[in-house]
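Heads up, work.pdb below (PDB, C-alpha atoms, pLDDT in the B column):
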```pdb
ATOM      1  CA  MET A   1      78.778 125.161 111.710  1.00 82.00           C
ATOM      2  CA  THR A   2      81.392 127.852 111.181  1.00 89.00           C
ATOM      3  CA  ALA A   3      81.996 128.083 114.911  1.00 90.00           C
ATOM      4  CA  LEU A   4      82.457 124.315 115.175  1.00 91.00           C
ATOM      5  CA  PHE A   5      84.872 124.376 112.236  1.00 93.00           C
ATOM      6  CA  ARG A   6      86.917 127.170 113.820  1.00 94.00           C
ATOM      7  CA  TYR A   7      86.875 125.313 117.143  1.00 92.00           C
ATOM      8  CA  GLN A   8      88.165 122.123 115.515  1.00 92.00           C
ATOM      9  CA  ALA A   9      90.808 124.031 113.559  1.00 93.00           C
ATOM     10  CA  ALA A  10      91.981 125.792 116.726  1.00 92.00           C
ATOM     11  CA  LEU A  11      92.168 122.439 118.531  1.00 91.00           C
ATOM     12  CA  LEU A  12      94.211 120.983 115.703  1.00 91.00           C
ATOM     13  CA  VAL A  13      96.699 123.843 115.606  1.00 90.00           C
ATOM     14  CA  ARG A  14      97.042 124.197 119.380  1.00 91.00           C
ATOM     15  CA  SER A  15      97.471 120.489 120.004  1.00 89.00           C
ATOM     16  CA  ARG A  16     100.445 120.366 117.622  1.00 89.00           C
ATOM     17  CA  ARG A  17      99.186 117.003 116.368  1.00 90.00           C
ATOM     18  CA  LEU A  18      99.280 118.607 112.938  1.00 91.00           C
ATOM     19  CA  LEU A  19     103.078 118.637 112.863  1.00 94.00           C
ATOM     20  CA  PRO A  20     103.838 114.915 112.305  1.00 94.00           C
ATOM     21  CA  PRO A  21     101.639 114.629 109.167  1.00 94.00           C
ATOM     22  CA  LEU A  22     103.121 117.880 107.844  1.00 94.00           C
ATOM     23  CA  ILE A  23     106.663 116.644 108.407  1.00 95.00           C
ATOM     24  CA  VAL A  24     105.909 113.281 106.790  1.00 95.00           C
ATOM     25  CA  TYR A  25     104.362 115.007 103.757  1.00 95.00           C
ATOM     26  CA  ALA A  26     107.385 117.298 103.448  1.00 94.00           C
ATOM     27  CA  LEU A  27     109.676 114.256 103.634  1.00 95.00           C
ATOM     28  CA  PHE A  28     107.635 112.397 101.015  1.00 93.00           C
ATOM     29  CA  MET A  29     107.790 115.411  98.721  1.00 93.00           C
ATOM     30  CA  GLY A  30     111.489 115.955  99.345  1.00 91.00           C
ATOM     31  CA  ILE A  31     112.344 112.333  98.606  1.00 91.00           C
ATOM     32  CA  GLY A  32     109.969 111.627  95.728  1.00 89.00           C
ATOM     33  CA  VAL A  33     109.773 114.906  93.819  1.00 90.00           C
ATOM     34  CA  GLN A  34     113.007 116.311  92.460  1.00 89.00           C
ATOM     35  CA  ALA A  35     113.877 118.942  89.896  1.00 87.00           C
ATOM     36  CA  GLY A  36     113.891 117.714  86.335  1.00 85.00           C
ATOM     37  CA  GLN A  37     111.576 114.740  86.832  1.00 89.00           C
ATOM     38  CA  PRO A  38     108.541 114.350  84.547  1.00 90.00           C
ATOM     39  CA  ILE A  39     105.649 116.474  85.771  1.00 89.00           C
ATOM     40  CA  LEU A  40     102.877 113.853  85.624  1.00 88.00           C
ATOM     41  CA  ASP A  41     104.948 111.270  87.471  1.00 89.00           C
ATOM     42  CA  SER A  42     105.637 113.807  90.182  1.00 91.00           C
ATOM     43  CA  PHE A  43     101.944 114.663  90.493  1.00 91.00           C
ATOM     44  CA  ALA A  44     101.175 110.962  90.916  1.00 91.00           C
ATOM     45  CA  TRP A  45     103.771 110.697  93.678  1.00 93.00           C
ATOM     46  CA  ALA A  46     102.416 113.814  95.417  1.00 93.00           C
ATOM     47  CA  GLY A  47      98.844 112.482  95.228  1.00 92.00           C
ATOM     48  CA  GLY A  48      99.836 109.137  96.703  1.00 92.00           C
ATOM     49  CA  ALA A  49     101.688 110.803  99.546  1.00 93.00           C
ATOM     50  CA  LEU A  50      98.734 113.095 100.219  1.00 94.00           C
ATOM     51  CA  LEU A  51      96.343 110.150 100.476  1.00 94.00           C
ATOM     52  CA  PHE A  52      98.322 108.720 103.385  1.00 93.00           C
ATOM     53  CA  VAL A  53      98.658 112.108 105.092  1.00 95.00           C
ATOM     54  CA  ALA A  54      94.959 112.951 104.608  1.00 95.00           C
ATOM     55  CA  ALA A  55      93.905 109.694 106.269  1.00 96.00           C
ATOM     56  CA  TRP A  56      96.252 110.490 109.150  1.00 96.00           C
ATOM     57  CA  LEU A  57      94.781 114.002 109.466  1.00 95.00           C
ATOM     58  CA  VAL A  58      91.233 112.639 109.589  1.00 95.00           C
ATOM     59  CA  ARG A  59      92.249 110.327 112.417  1.00 95.00           C
ATOM     60  CA  VAL A  60      93.937 113.204 114.247  1.00 94.00           C
ATOM     61  CA  CYS A  61      90.976 115.561 113.839  1.00 93.00           C
ATOM     62  CA  VAL A  62      88.327 113.043 114.867  1.00 93.00           C
ATOM     63  CA  THR A  63      90.188 111.996 118.041  1.00 91.00           C
ATOM     64  CA  ASN A  64      91.664 115.384 118.899  1.00 89.00           C
ATOM     65  CA  GLU A  65      89.390 116.612 121.651  1.00 88.00           C
ATOM     66  CA  PRO A  66      88.802 114.954 125.014  1.00 88.00           C
ATOM     67  CA  PRO A  67      85.578 112.937 125.342  1.00 89.00           C
ATOM     68  CA  ALA A  68      84.066 115.376 127.843  1.00 91.00           C
ATOM     69  CA  ALA A  69      84.611 118.331 125.515  1.00 89.00           C
ATOM     70  CA  ARG A  70      83.166 116.375 122.602  1.00 88.00           C
ATOM     71  CA  HIS A  71      80.053 115.546 124.636  1.00 91.00           C
ATOM     72  CA  VAL A  72      79.590 119.211 125.526  1.00 92.00           C
ATOM     73  CA  ALA A  73      79.912 120.260 121.876  1.00 90.00           C
ATOM     74  CA  ALA A  74      77.528 117.476 120.842  1.00 90.00           C
ATOM     75  CA  ALA A  75      75.008 118.593 123.440  1.00 92.00           C
ATOM     76  CA  ALA A  76      75.220 122.170 122.187  1.00 90.00           C
ATOM     77  CA  THR A  77      74.612 121.209 118.544  1.00 91.00           C
ATOM     78  CA  SER A  78      74.480 117.530 117.590  1.00 90.00           C
ATOM     79  CA  PRO A  79      76.954 114.650 117.465  1.00 91.00           C
ATOM     80  CA  ALA A  80      76.733 114.527 113.666  1.00 93.00           C
ATOM     81  CA  ARG A  81      77.619 118.208 113.291  1.00 94.00           C
ATOM     82  CA  VAL A  82      80.593 117.889 115.632  1.00 93.00           C
ATOM     83  CA  HIS A  83      81.877 114.903 113.680  1.00 93.00           C
ATOM     84  CA  LEU A  84      81.271 116.676 110.371  1.00 94.00           C
ATOM     85  CA  ALA A  85      83.235 119.702 111.598  1.00 94.00           C
ATOM     86  CA  SER A  86      86.144 117.409 112.491  1.00 94.00           C
ATOM     87  CA  VAL A  87      86.134 115.774 109.068  1.00 95.00           C
ATOM     88  CA  LEU A  88      85.805 119.140 107.290  1.00 95.00           C
ATOM     89  CA  THR A  89      88.790 120.439 109.242  1.00 95.00           C
ATOM     90  CA  ALA A  90      90.857 117.497 108.032  1.00 95.00           C
ATOM     91  CA  LEU A  91      89.586 117.974 104.472  1.00 95.00           C
ATOM     92  CA  THR A  92      90.499 121.657 104.511  1.00 95.00           C
ATOM     93  CA  CYS A  93      93.955 120.970 105.885  1.00 95.00           C
ATOM     94  CA  SER A  94      94.513 118.239 103.291  1.00 95.00           C
ATOM     95  CA  ALA A  95      93.294 120.496 100.482  1.00 95.00           C
ATOM     96  CA  VAL A  96      95.707 123.234 101.542  1.00 95.00           C
ATOM     97  CA  LEU A  97      98.555 120.712 101.658  1.00 95.00           C
ATOM     98  CA  GLY A  98      97.533 119.418  98.243  1.00 94.00           C
ATOM     99  CA  ALA A  99      97.518 122.920  96.753  1.00 95.00           C
ATOM    100  CA  ILE A 100     100.949 123.662  98.198  1.00 94.00           C
ATOM    101  CA  GLY A 101     102.280 120.326  96.941  1.00 94.00           C
ATOM    102  CA  THR A 102     100.796 120.956  93.487  1.00 94.00           C
ATOM    103  CA  ALA A 103     102.430 124.371  93.278  1.00 94.00           C
ATOM    104  CA  PHE A 104     105.746 122.863  94.385  1.00 94.00           C
ATOM    105  CA  VAL A 105     105.582 120.139  91.749  1.00 93.00           C
ATOM    106  CA  ALA A 106     104.566 122.578  89.005  1.00 92.00           C
ATOM    107  CA  LEU A 107     107.495 124.858  89.823  1.00 92.00           C
ATOM    108  CA  ILE A 108     110.354 122.370  89.925  1.00 92.00           C
ATOM    109  CA  THR A 109     109.518 119.546  87.515  1.00 90.00           C
ATOM    110  CA  ASP A 110     110.114 119.127  83.785  1.00 84.00           C
ATOM    111  CA  PRO A 111     106.979 119.516  81.626  1.00 89.00           C
ATOM    112  CA  ARG A 112     107.640 116.376  79.599  1.00 84.00           C
ATOM    113  CA  SER A 113     106.246 112.855  79.527  1.00 78.00           C
ATOM    114  CA  SER A 114     107.959 109.922  81.220  1.00 80.00           C
ATOM    115  CA  ASP A 115     109.941 109.040  78.111  1.00 79.00           C
ATOM    116  CA  ARG A 116     110.871 112.745  77.669  1.00 78.00           C
ATOM    117  CA  GLN A 117     109.521 112.737  74.099  1.00 84.00           C
ATOM    118  CA  VAL A 118     106.217 114.614  74.477  1.00 84.00           C
ATOM    119  CA  HIS A 119     105.822 118.135  75.865  1.00 87.00           C
ATOM    120  CA  VAL A 120     103.077 118.349  78.499  1.00 86.00           C
ATOM    121  CA  PRO A 121     101.280 121.700  78.921  1.00 90.00           C
ATOM    122  CA  VAL A 122     102.020 122.949  82.436  1.00 90.00           C
ATOM    123  CA  GLY A 123      98.574 124.501  82.947  1.00 91.00           C
ATOM    124  CA  ALA A 124      96.669 121.348  82.068  1.00 90.00           C
ATOM    125  CA  ALA A 125      99.060 119.209  84.084  1.00 90.00           C
ATOM    126  CA  THR A 126      98.724 121.509  87.096  1.00 92.00           C
ATOM    127  CA  LEU A 127      94.934 121.336  86.867  1.00 93.00           C
ATOM    128  CA  ALA A 128      95.196 117.538  86.742  1.00 91.00           C
ATOM    129  CA  GLY A 129      97.484 117.685  89.783  1.00 91.00           C
ATOM    130  CA  LEU A 130      94.929 119.763  91.693  1.00 93.00           C
ATOM    131  CA  VAL A 131      92.174 117.323  90.822  1.00 92.00           C
ATOM    132  CA  THR A 132      94.400 114.463  91.943  1.00 90.00           C
ATOM    133  CA  ALA A 133      95.079 116.228  95.231  1.00 90.00           C
ATOM    134  CA  LEU A 134      91.383 116.747  95.866  1.00 88.00           C
TER     135      LEU A 134
END
```
Rendering of file as structure tokens:
Amino acid sequence: MTALFRYQAALLVRSRRLLPPLIVYALFMGIGVQAGQPILDSFAWAGGALLFVAAWLVRVCVTNEPPAARHVAAAATSPARVHLASVLTALTCSAVLGAIGTAFVALITDPRSSDRQVHVPVGAATLAGLVTAL
């Protein structure tokens, strides 16, 4: 399974089909998350943006390889394992993006509630942001 995962990851990186979802996620984060905004609101925005990008990455990973190559990989292992490796590649890429987005939000936002009255602990909010990203 590790070899199939590495194969799918190499296909994703070499095909450069990873770039459009990355650029869209960076744009979403640049537009929606700004310094001084409430931390929990920013985590909600980042999670919503990641949902769209993760669905796009699953579509990219599942349709990335040519049909002949997919049939060869399926014959070597099984069709279910090849498909699972594709989905796990997308999940891993989305999880990495989510972790980076969570760190970005935790660094630049204000640890206060939406009405700016209540202080929100950064550690607990960051953990909630990671859970949201996953």
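We find atom CA of Val122 of chain A and atom CA of Ala55 of chain A to be spaced 28.5 Å apart.
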Proximity check segment 2-26 of chain A to segment 99-117 of chain A, 12 Å, nearest pairs one decimal Å, all atoms listed in the file, as a Markdown table:
```
| residue | atom | partner | partner_atom | distance |
| --- | --- | --- | --- | --- |
| A:Leu22 | CA | A:Gly101 | CA | 11.2 |
| A:Tyr25 | CA | A:Gly101 | CA | 8.9 |
| A:Ala26 | CA | A:Gly101 | CA | 8.8 |
```
Write out the residues from the selection above, keeping C-alpha atoms, as an mmCIF file, in the coordinates of the input.
```cif
data_model
loop_
_atom_site.group_PDB
_atom_site.id
_atom_site.type_symbol
_atom_site.label_atom_id
_atom_site.label_comp_id
_atom_site.auth_asym_id
_atom_site.auth_seq_id
_atom_site.Cartn_x
_atom_site.Cartn_y
_atom_site.Cartn_z
ATOM 1 C CA LEU A 22 103.121 117.880 107.844
ATOM 2 C CA TYR A 25 104.362 115.007 103.757
ATOM 3 C CA ALA A 26 107.385 117.298 103.448
#
```
- Message: Taking the file as I've supplied it (selection: the PyMOL selection byres ((chain A and resi 82) around 9)), which residues are included? Please answer as a VMD selection string.
- Response: chain A and resid 1 4 to 5 8 70 73 to 74 77 to 81 83 to 87
Which polymer residues have any atom within 9 Å of an atom of Ser42 of chain A, counting all atoms listed in the file, with same-chain residues fewer than 2 positions away left out, as a PDB file with C-alpha atoms, in the coordinates of the input?
```pdb
ATOM      1  CA  MET A  29     107.790 115.411  98.721  1.00 93.00           C
ATOM      2  CA  GLY A  32     109.969 111.627  95.728  1.00 89.00           C
ATOM      3  CA  VAL A  33     109.773 114.906  93.819  1.00 90.00           C
ATOM      4  CA  GLN A  34     113.007 116.311  92.460  1.00 89.00           C
ATOM      5  CA  GLN A  37     111.576 114.740  86.832  1.00 89.00           C
ATOM      6  CA  PRO A  38     108.541 114.350  84.547  1.00 90.00           C
ATOM      7  CA  ILE A  39     105.649 116.474  85.771  1.00 89.00           C
ATOM      8  CA  LEU A  40     102.877 113.853  85.624  1.00 88.00           C
ATOM      9  CA  ALA A  44     101.175 110.962  90.916  1.00 91.00           C
ATOM     10  CA  TRP A  45     103.771 110.697  93.678  1.00 93.00           C
ATOM     11  CA  ALA A  46     102.416 113.814  95.417  1.00 93.00           C
ATOM     12  CA  GLY A  47      98.844 112.482  95.228  1.00 92.00           C
ATOM     13  CA  VAL A 105     105.582 120.139  91.749  1.00 93.00           C
ATOM     14  CA  ALA A 106     104.566 122.578  89.005  1.00 92.00           C
ATOM     15  CA  THR A 109     109.518 119.546  87.515  1.00 90.00           C
TER      16      THR A 109
END
```
- Query: Between A:Phe43, A:Ala35, A:Gly98, A:Asn64, which has the minimum distance to Ala124 of chain A (counting all atoms listed in the file)?
  - Reply: A:Phe43
- Separation of atom CA of Thr89 of chain A and atom CA of Pro20 of chain A, in Å?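 For atom CA of Thr89 of chain A relative to atom CA of Pro20 of chain A, the distance reads 16.3 Å.
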- Task: Run the PyMOL selection byres ((chain A and resi 58-60) around 10) mentally over the shown coordinates, then write out the matched residues as a PyMOL selection string, using the chain letters and numbers from the document.
- Result: chain A and resi 12+15+17-18+21+53-57+61-65+86-91+93-94
- Message: My list of candidates is A:Phe28, A:Ile23, A:Gly129, A:Ala3. Which is closest to Ala76 of chain A when distances are computed with all atoms listed in the file?
- Response: A:Ala3
- So, counting all atoms listed in the file, which residue among A:Ala49, A:Asp41, A:Pro66, A:Ile31 is closest to Ala125 of chain A?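 Smallest separation from Ala125 of chain A among the options: A:Asp41.
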Enclose segment 103-115 of chain A, meaning all of its atoms listed in the file, in a box aligned along x, y and z, pad it by 8 Å on each side, and list the centre and edge lengths in Å to one decimal, as AutoDock Vina command-line options.
```
--center_x 106.4 --center_y 116.9 --center_z 86.2 --size_x 23.9 --size_y 31.8 --size_z 32.3
```
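Of the residues listed (A:Ala69, A:Val118, A:Leu127, A:Leu51), A:Leu51 shows the shortest atom-to-atom separation from Leu97 of chain A; distances use all atoms listed in the file.
Atom to atom, atom CA of Ala10 of chain A and atom CA of Gly30 of chain A stand 27.9 Å apart.
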Please export segment 57-87 of chain A as a compact mmCIF listing (two decimals), in the first residue's frame, restricted to N, CA and C atoms.
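Written output follows (selection.txt):
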```
# COMPACT_ATOMS: atom_id res chain seq x y z
N LEU A 57 -9.33 18.12 -4.70
CA LEU A 57 -8.15 17.24 -4.68
C LEU A 57 -8.52 15.77 -4.83
N VAL A 58 -9.64 15.36 -4.24
CA VAL A 58 -10.08 13.98 -4.41
C VAL A 58 -10.38 13.71 -5.88
N ARG A 59 -11.07 14.63 -6.50
CA ARG A 59 -11.38 14.48 -7.94
C ARG A 59 -10.11 14.41 -8.77
N VAL A 60 -9.14 15.26 -8.45
CA VAL A 60 -7.87 15.27 -9.18
C VAL A 60 -7.13 13.95 -8.98
N CYS A 61 -7.06 13.48 -7.75
CA CYS A 61 -6.29 12.26 -7.46
C CYS A 61 -6.92 11.01 -8.06
N VAL A 62 -8.24 10.94 -8.05
CA VAL A 62 -8.92 9.75 -8.57
C VAL A 62 -8.83 9.68 -10.09
N THR A 63 -8.79 10.82 -10.76
CA THR A 63 -8.76 10.82 -12.24
C THR A 63 -7.39 11.19 -12.79
N ASN A 64 -6.36 11.10 -11.98
CA ASN A 64 -5.05 11.60 -12.38
C ASN A 64 -4.34 10.72 -13.39
N GLU A 65 -4.40 9.43 -13.21
CA GLU A 65 -3.62 8.55 -14.08
C GLU A 65 -4.44 8.09 -15.29
N PRO A 66 -3.75 7.79 -16.37
CA PRO A 66 -4.46 7.30 -17.56
C PRO A 66 -5.13 5.95 -17.27
N PRO A 67 -6.19 5.64 -18.00
CA PRO A 67 -6.90 4.37 -17.74
C PRO A 67 -6.01 3.14 -17.88
N ALA A 68 -5.11 3.14 -18.85
CA ALA A 68 -4.24 1.97 -19.03
C ALA A 68 -3.32 1.77 -17.82
N ALA A 69 -2.78 2.85 -17.30
CA ALA A 69 -1.91 2.76 -16.12
C ALA A 69 -2.71 2.31 -14.90
N ARG A 70 -3.93 2.78 -14.79
CA ARG A 70 -4.78 2.37 -13.66
C ARG A 70 -5.11 0.89 -13.75
N HIS A 71 -5.35 0.39 -14.94
CA HIS A 71 -5.64 -1.04 -15.11
C HIS A 71 -4.42 -1.89 -14.76
N VAL A 72 -3.24 -1.42 -15.11
CA VAL A 72 -2.02 -2.16 -14.77
C VAL A 72 -1.82 -2.19 -13.26
N ALA A 73 -2.02 -1.06 -12.60
CA ALA A 73 -1.88 -1.01 -11.14
C ALA A 73 -2.94 -1.88 -10.48
N ALA A 74 -4.16 -1.86 -11.01
CA ALA A 74 -5.23 -2.69 -10.46
C ALA A 74 -4.95 -4.17 -10.66
N ALA A 75 -4.34 -4.52 -11.77
CA ALA A 75 -3.99 -5.92 -12.00
C ALA A 75 -2.87 -6.37 -11.07
N ALA A 76 -1.98 -5.46 -10.73
CA ALA A 76 -0.87 -5.81 -9.84
C ALA A 76 -1.34 -5.98 -8.40
N THR A 77 -2.31 -5.20 -7.97
CA THR A 77 -2.81 -5.32 -6.59
C THR A 77 -4.31 -5.63 -6.63
N SER A 78 -5.12 -4.62 -6.59
CA SER A 78 -6.57 -4.75 -6.74
C SER A 78 -7.14 -3.37 -7.04
N PRO A 79 -8.29 -3.31 -7.71
CA PRO A 79 -8.87 -2.01 -8.01
C PRO A 79 -9.21 -1.21 -6.74
N ALA A 80 -9.63 -1.90 -5.70
CA ALA A 80 -9.99 -1.20 -4.46
C ALA A 80 -8.76 -0.56 -3.82
N ARG A 81 -7.63 -1.25 -3.84
CA ARG A 81 -6.42 -0.70 -3.24
C ARG A 81 -5.90 0.50 -4.03
N VAL A 82 -6.01 0.44 -5.33
CA VAL A 82 -5.58 1.57 -6.16
C VAL A 82 -6.45 2.79 -5.88
N HIS A 83 -7.74 2.56 -5.79
CA HIS A 83 -8.66 3.67 -5.50
C HIS A 83 -8.42 4.22 -4.09
N LEU A 84 -8.20 3.32 -3.14
CA LEU A 84 -7.92 3.75 -1.77
C LEU A 84 -6.63 4.57 -1.69
N ALA A 85 -5.63 4.18 -2.44
CA ALA A 85 -4.37 4.95 -2.46
C ALA A 85 -4.61 6.34 -3.04
N SER A 86 -5.45 6.46 -4.03
CA SER A 86 -5.78 7.77 -4.60
C SER A 86 -6.48 8.66 -3.58
N VAL A 87 -7.44 8.09 -2.88
CA VAL A 87 -8.19 8.86 -1.89
C VAL A 87 -7.30 9.23 -0.70
```
